[in-house]
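Data block below; observations after.
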Amino acid sequence: MIQKSFVMMKPDAVQRRLMGKIMSRFEEKGLQIVAVKLMQIDEELAKTHYGEHADKPFFPSLVEYITSSPALAMVIEGEEAITTIRKLVGATNPLEADLGTIRGDYGMNTGRNIIHASDSPASAEREIGLFFNEDEICDYQIVDNDLIYE
Ligand code: RTP
Ligand code: MG
């Protein structure tokens with residue numbers, strides 16, 4: 001099933017000039033980038049986005065991290081995109097993330113783990129709606145998709 005997922009390169013990825021490299025991983029896999037926005041996330045949006053963690057001890061530092069500098073918000077599309085992207089991203093703690101994943105290759109610490117990706121279809125729908133208007137998401141055909149999908 002073709003799905004859309006919400007992906008966000010966190011401020012550490014932007015500051016470390018990793019945006020191009022990380023975006024290439026999604027493109028090289030065969031996924032399609034359908035929306036991109038470099039943005040300064042404010043406290044309200046950060047708290048809403050990570051609302052499920054509001055009661056956790058790390059919540060204040062998470063909000064501080066996410067709002068510390070611009071982040072790169074994206075919508076990425078493809079077959080089973082949500083699961084595929086979570087695999088490409090790797091485990092939450094970069095120490096446990098396999099090498100070859102984005103967090104495994106670029107991260108050192110859970111509190112600076114480079115990237116966010118939606119964990120379910122319901123999360124993807126909610127998060128895409130939080131960060132993008134419908135008219136900011138492009139609907140287009142990749143001409144060589146028959147090289148990617150049967
Ligand atoms: P994300 O939502 O950012 O894609 O990460 P995730 O699903 O892999 O992990 P989640 O449990 O949703 O945690 C959200 C983010 O909170 C920070 N965190 N810090 N210090 C800690 O123990 C801790 N635990 C989580 C990380 O930035 C994590 O990605
Ligand atoms: Mg999460």
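Letters A, B, ... go to the chains of the structure tokens in the order shown; residues in each chain start at 1; ligands are counted from 1 in the same order.
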inquiry  = Please return, as a ChimeraX atom specification, all residues of chain A that DSSP assigns to alpha helix (DSSP H) on the basis of the backbone.
reply    = /A:11-15,19-29,43-49,59-66,81-89,102-106,121-131
Take the residues that were just selected and, keeping C-alpha atoms, output them as a short mmCIF file (atom, residue, chain, number, x, y, z; two decimals), in the first residue's frame.
```cif
data_model
loop_
_atom_site.label_atom_id
_atom_site.label_comp_id
_atom_site.auth_asym_id
_atom_site.auth_seq_id
_atom_site.Cartn_x
_atom_site.Cartn_y
_atom_site.Cartn_z
CA PRO A 11 18.20 20.55 14.68
CA ASP A 12 21.39 18.54 15.21
CA ALA A 13 21.13 17.12 11.66
CA VAL A 14 20.74 20.64 10.24
CA GLN A 15 23.58 22.07 12.37
CA MET A 19 20.58 17.29 5.39
CA GLY A 20 21.76 16.34 1.92
CA LYS A 21 23.27 13.02 2.96
CA ILE A 22 20.18 12.00 4.90
CA MET A 23 17.78 13.05 2.16
CA SER A 24 19.82 10.97 -0.30
CA ARG A 25 19.24 7.85 1.76
CA PHE A 26 15.49 8.10 1.28
CA GLU A 27 15.84 8.83 -2.43
CA GLU A 28 18.37 6.04 -2.97
CA LYS A 29 16.06 3.56 -1.25
CA GLU A 43 7.45 25.56 21.65
CA GLU A 44 3.74 25.06 21.06
CA LEU A 45 4.25 22.95 17.93
CA ALA A 46 7.02 20.91 19.57
CA LYS A 47 4.81 20.17 22.57
CA THR A 48 1.88 19.19 20.35
CA HIS A 49 4.00 17.02 18.08
CA PHE A 59 10.00 16.06 27.79
CA PRO A 60 11.37 19.53 28.71
CA SER A 61 14.80 18.76 27.27
CA LEU A 62 13.18 17.22 24.17
CA VAL A 63 11.19 20.41 23.55
CA GLU A 64 14.30 22.52 24.12
CA TYR A 65 16.27 20.37 21.64
CA ILE A 66 13.61 20.42 18.93
CA ALA A 81 6.68 3.96 3.63
CA ILE A 82 6.03 4.16 7.38
CA THR A 83 7.69 0.84 8.24
CA THR A 84 10.40 1.26 5.61
CA ILE A 85 11.39 4.68 6.94
CA ARG A 86 11.43 3.54 10.60
CA LYS A 87 13.85 0.78 9.50
CA LEU A 88 16.05 3.27 7.66
CA VAL A 89 16.02 5.55 10.74
CA ILE A 102 20.68 6.86 9.96
CA ARG A 103 20.82 6.95 13.76
CA GLY A 104 23.35 4.11 13.85
CA ASP A 105 25.67 5.89 11.44
CA TYR A 106 25.33 9.51 12.56
CA PRO A 121 -0.48 5.41 9.93
CA ALA A 122 -2.44 7.33 12.57
CA SER A 123 0.70 9.20 13.71
CA ALA A 124 1.64 9.96 10.11
CA GLU A 125 -1.76 11.48 9.37
CA ARG A 126 -1.71 13.56 12.55
CA GLU A 127 1.88 14.76 12.12
CA ILE A 128 1.56 15.61 8.40
CA GLY A 129 -1.48 17.70 9.30
CA LEU A 130 0.44 19.49 12.05
CA PHE A 131 3.32 20.54 9.81
#
```
query = Using only C-alpha atoms and all ligand atoms, what are the residues with an atom within 10 Å of ligand 2, set out as a list in words?
reply =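 After applying the 10 Å limit, what remains is His49, Tyr50, Glu52, His53, Arg86, Thr92, His116, Ala117, Ser118, Asp119, Ser120 and Ser123 of chain A.
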Write the residues you've just listed into a file as a JSON list (two decimals), in the first residue's frame, and include N, CA and C atoms for each of them.
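So again_31.json came out as:
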```
[["chain", "number", "residue", "atom", "x", "y", "z"],
["A", 49, "HIS", "N", 3.44, 18.14, 18.86],
["A", 49, "HIS", "CA", 4.00, 17.02, 18.08],
["A", 49, "HIS", "C", 4.39, 15.86, 19.00],
["A", 50, "TYR", "N", 5.06, 16.19, 20.10],
["A", 50, "TYR", "CA", 5.52, 15.14, 21.03],
["A", 50, "TYR", "C", 4.60, 15.00, 22.25],
["A", 52, "GLU", "N", 2.51, 12.87, 23.21],
["A", 52, "GLU", "CA", 2.43, 11.55, 23.87],
["A", 52, "GLU", "C", 3.50, 11.41, 24.96],
["A", 53, "HIS", "N", 4.54, 12.26, 24.92],
["A", 53, "HIS", "CA", 5.61, 12.16, 25.90],
["A", 53, "HIS", "C", 5.55, 13.25, 26.97],
["A", 86, "ARG", "N", 10.99, 3.84, 9.22],
["A", 86, "ARG", "CA", 11.43, 3.54, 10.60],
["A", 86, "ARG", "C", 12.65, 2.61, 10.58],
["A", 92, "THR", "N", 15.70, 4.16, 18.59],
["A", 92, "THR", "CA", 15.68, 5.49, 19.22],
["A", 92, "THR", "C", 17.05, 5.85, 19.79],
["A", 116, "HIS", "N", 13.38, 12.26, 13.22],
["A", 116, "HIS", "CA", 12.09, 11.70, 13.66],
["A", 116, "HIS", "C", 11.39, 11.09, 12.47],
["A", 117, "ALA", "N", 10.65, 9.99, 12.71],
["A", 117, "ALA", "CA", 9.77, 9.44, 11.67],
["A", 117, "ALA", "C", 8.50, 8.91, 12.32],
["A", 118, "SER", "N", 7.38, 9.07, 11.64],
["A", 118, "SER", "CA", 6.09, 8.60, 12.17],
["A", 118, "SER", "C", 6.15, 7.10, 12.45],
["A", 119, "ASP", "N", 5.47, 6.69, 13.54],
["A", 119, "ASP", "CA", 5.54, 5.28, 13.94],
["A", 119, "ASP", "C", 4.29, 4.47, 13.56],
["A", 120, "SER", "N", 3.29, 5.09, 12.96],
["A", 120, "SER", "CA", 2.06, 4.37, 12.58],
["A", 120, "SER", "C", 1.30, 5.22, 11.57],
["A", 123, "SER", "N", -0.28, 8.16, 13.39],
["A", 123, "SER", "CA", 0.70, 9.20, 13.71],
["A", 123, "SER", "C", 1.07, 9.99, 12.46]]
```
key: Gly107 of chain A surroundings by only C-alpha atoms, 7 Å radius, close-in-sequence under 6 positions cut, as JSON, numbers by chain   = {"A": [94, 113, 114]}
inquiry  = Please extract the residues of chain A with a backbone DSSP assignment of strand (DSSP E or B) and present them as a VMD selection string.
reply    = chain A and resid 2 to 9 32 to 39 71 to 79 99 101 109 112 115 to 117
With C-alpha atoms retained, export the selected residues as a short mmCIF file (atom, residue, chain, number, x, y, z; two decimals), in the first residue's frame.
```cif
data_model
loop_
_atom_site.label_atom_id
_atom_site.label_comp_id
_atom_site.auth_asym_id
_atom_site.auth_seq_id
_atom_site.Cartn_x
_atom_site.Cartn_y
_atom_site.Cartn_z
CA ILE A 2 1.34 3.45 -0.89
CA GLN A 3 1.69 5.49 2.31
CA LYS A 4 2.89 8.93 3.29
CA SER A 5 5.05 9.38 6.39
CA PHE A 6 6.14 12.48 8.27
CA VAL A 7 9.90 12.75 8.70
CA MET A 8 11.79 15.52 10.43
CA MET A 9 15.54 16.07 10.49
CA GLN A 32 9.65 9.77 -3.06
CA ILE A 33 9.95 13.13 -1.31
CA VAL A 34 6.64 14.97 -1.74
CA ALA A 35 7.08 17.92 0.67
CA VAL A 36 10.02 19.68 2.33
CA LYS A 37 10.14 22.66 4.68
CA LEU A 38 13.06 24.07 6.67
CA MET A 39 11.44 25.65 9.68
CA ALA A 71 14.50 21.51 11.59
CA LEU A 72 13.74 20.03 8.17
CA ALA A 73 10.16 18.75 7.95
CA MET A 74 9.32 16.37 5.12
CA VAL A 75 6.57 14.16 3.78
CA ILE A 76 7.92 11.01 2.15
CA GLU A 77 5.84 8.59 0.09
CA GLY A 78 6.22 4.99 -1.04
CA GLU A 79 4.97 1.45 -0.61
CA LEU A 99 25.09 0.44 11.68
CA THR A 101 20.74 3.07 9.76
CA ASN A 109 23.09 9.79 22.03
CA ARG A 112 20.64 14.01 19.86
CA ILE A 115 15.76 12.38 12.95
CA HIS A 116 12.09 11.70 13.66
CA ALA A 117 9.77 9.44 11.67
#
```
request  = Give me, please, the distance in Å between atom 15 (C, counted along the ligand's line) of ligand 1 and atom CA of Phe58 of chain A, quoted to one decimal.
outcome  = 8.4 Å
message = Please determine, counting only C-alpha atoms and all ligand atoms, which residue among A:Gln141, A:Tyr149, A:Glu96, A:Pro57 has the shortest atom-to-atom distance to ligand 1.
response = A:Pro57
query = When distances are computed from only C-alpha atoms, which of A:Asp55, A:Glu80, A:Asp42, A:Glu136 shows the smallest separation from Gly30 of chain A?
reply =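 The answer is A:Glu80, which sits nearest to Gly30 of chain A.
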